[in-house]
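Working notes, beginning with the structure itself.
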Amino acid sequence: MPKRVLVVEDNDVNFALVEFVLGKLDVAVARAATGAQALDLAERDRPDLIYMDVHLPDVTGLELTRQLRLRPYMQGVPIVALTALAMAGDRERALDAGCTEYMSKPLSPRLLQETTARLLDLKAAAKP
């Protein structure tokens, strides 16, 4: 059974890029465009990894990360913050909120693929 990745992203173009890149790995990708959807999908699907947009329409990604970290089943799940507004101190705020890592947009497909493989301990190489 493939590992499950939840992508919390309200922008269609950004999600399409992540979905395309992750499609080269043996993972199942689900999308949540709002914090409410993310909470529902995390509860239902129990993802192995979450990519979290910091700016969502109904809640910040950092607040959503804090909410997810309160759930016992989310304690060991890596959460990677994604943001286009990379400012001084943003990385530290993301880590303080419970994110495992921080990536700035525009996303590097290679870094996204490498990060996913590393955090999910995927042994197989990406498909060409």
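In the structure tokens, chains take letters A, B, ... by order of appearance, with residues numbered from 1 within each chain and ligands from 1 in the order shown.
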Exercise. Please, which residues of chain A, numbered as in this document, come out helix (DSSP H, G or I) from DSSP, as a PyMOL selection string?
Worked result: chain A and resi 12-22+35-45+61-69+72-74+90-97+109-119
Just the selected residues (C-alpha atoms), exported as a tab-separated table (two decimals), in the first residue's frame, please.
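The resulting file, out.tsv, is shown below:
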chain	number	residue	atom	x	y	z
A	12	ASP	CA	-4.83	25.05	-8.06
A	13	VAL	CA	-1.53	25.72	-9.84
A	14	ASN	CA	0.56	25.04	-6.73
A	15	PHE	CA	-1.38	21.85	-6.03
A	16	ALA	CA	-0.98	20.68	-9.64
A	17	LEU	CA	2.81	21.07	-9.36
A	18	VAL	CA	2.97	19.12	-6.10
A	19	GLU	CA	0.65	16.42	-7.44
A	20	PHE	CA	2.74	16.10	-10.63
A	21	VAL	CA	6.02	15.83	-8.73
A	22	LEU	CA	4.65	13.37	-6.18
A	35	GLY	CA	-8.40	23.97	7.10
A	36	ALA	CA	-11.75	22.29	7.71
A	37	GLN	CA	-11.16	19.89	4.82
A	38	ALA	CA	-7.65	19.18	6.09
A	39	LEU	CA	-8.89	18.24	9.55
A	40	ASP	CA	-11.51	15.92	8.04
A	41	LEU	CA	-9.06	14.25	5.65
A	42	ALA	CA	-6.37	13.87	8.32
A	43	GLU	CA	-8.89	12.14	10.57
A	44	ARG	CA	-10.22	9.89	7.81
A	45	ASP	CA	-7.05	9.07	5.86
A	61	GLY	CA	-1.44	26.78	8.10
A	62	LEU	CA	0.49	27.31	11.32
A	63	GLU	CA	-2.71	27.38	13.41
A	64	LEU	CA	-3.92	24.30	11.56
A	65	THR	CA	-0.61	22.57	12.32
A	66	ARG	CA	-1.09	23.37	16.02
A	67	GLN	CA	-4.60	21.87	15.89
A	68	LEU	CA	-3.35	18.73	14.13
A	69	ARG	CA	-0.53	18.26	16.63
A	72	PRO	CA	-2.48	11.68	19.10
A	73	TYR	CA	-2.35	10.08	15.64
A	74	MET	CA	-0.60	13.18	14.25
A	90	ASP	CA	9.06	32.54	9.25
A	91	ARG	CA	10.99	29.28	9.40
A	92	GLU	CA	11.29	29.51	13.18
A	93	ARG	CA	7.57	30.30	13.55
A	94	ALA	CA	6.71	27.27	11.43
A	95	LEU	CA	8.94	24.98	13.47
A	96	ASP	CA	7.56	26.42	16.72
A	97	ALA	CA	4.02	25.67	15.50
A	109	PRO	CA	10.46	19.94	-7.93
A	110	ARG	CA	13.74	18.20	-7.09
A	111	LEU	CA	13.70	19.39	-3.48
A	112	LEU	CA	10.03	18.43	-3.14
A	113	GLN	CA	10.73	14.94	-4.46
A	114	GLU	CA	13.84	14.48	-2.31
A	115	THR	CA	12.09	15.76	0.82
A	116	THR	CA	9.13	13.45	0.27
A	117	ALA	CA	11.36	10.42	-0.32
A	118	ARG	CA	13.45	11.20	2.77
A	119	LEU	CA	10.53	11.90	5.12
Exercise. Neighbours of Glu9 of chain A within 9 Å (only C-alpha atoms; same-chain residues fewer than 2 positions away dropped), as a PyMOL selection string?
Worked result: chain A and resi 7+11-12+14-15+31-34+51-56+82
Problem set entry | Picked from chain A by DSSP as strand (DSSP E), as a list in words |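 Residues meeting the strand (DSSP E) criterion: Lys3, Arg4, Val5, Leu6, Val7, Val8, Val27, Ala28, Val29, Ala30, Arg31, Ala32, Leu49, Ile50, Tyr51, Met52, Asp53, Ile79, Val80, Ala81, Leu82, Thr83, Glu101, Tyr102, Met103 and Ser104 of chain A.
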For this session: Work out how far apart atom CA of Val77 of chain A and atom CA of Leu6 of chain A are and give it in Å to one decimal.
Result: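 Result for atom CA of Val77 of chain A versus atom CA of Leu6 of chain A: 10.8 Å, one decimal.
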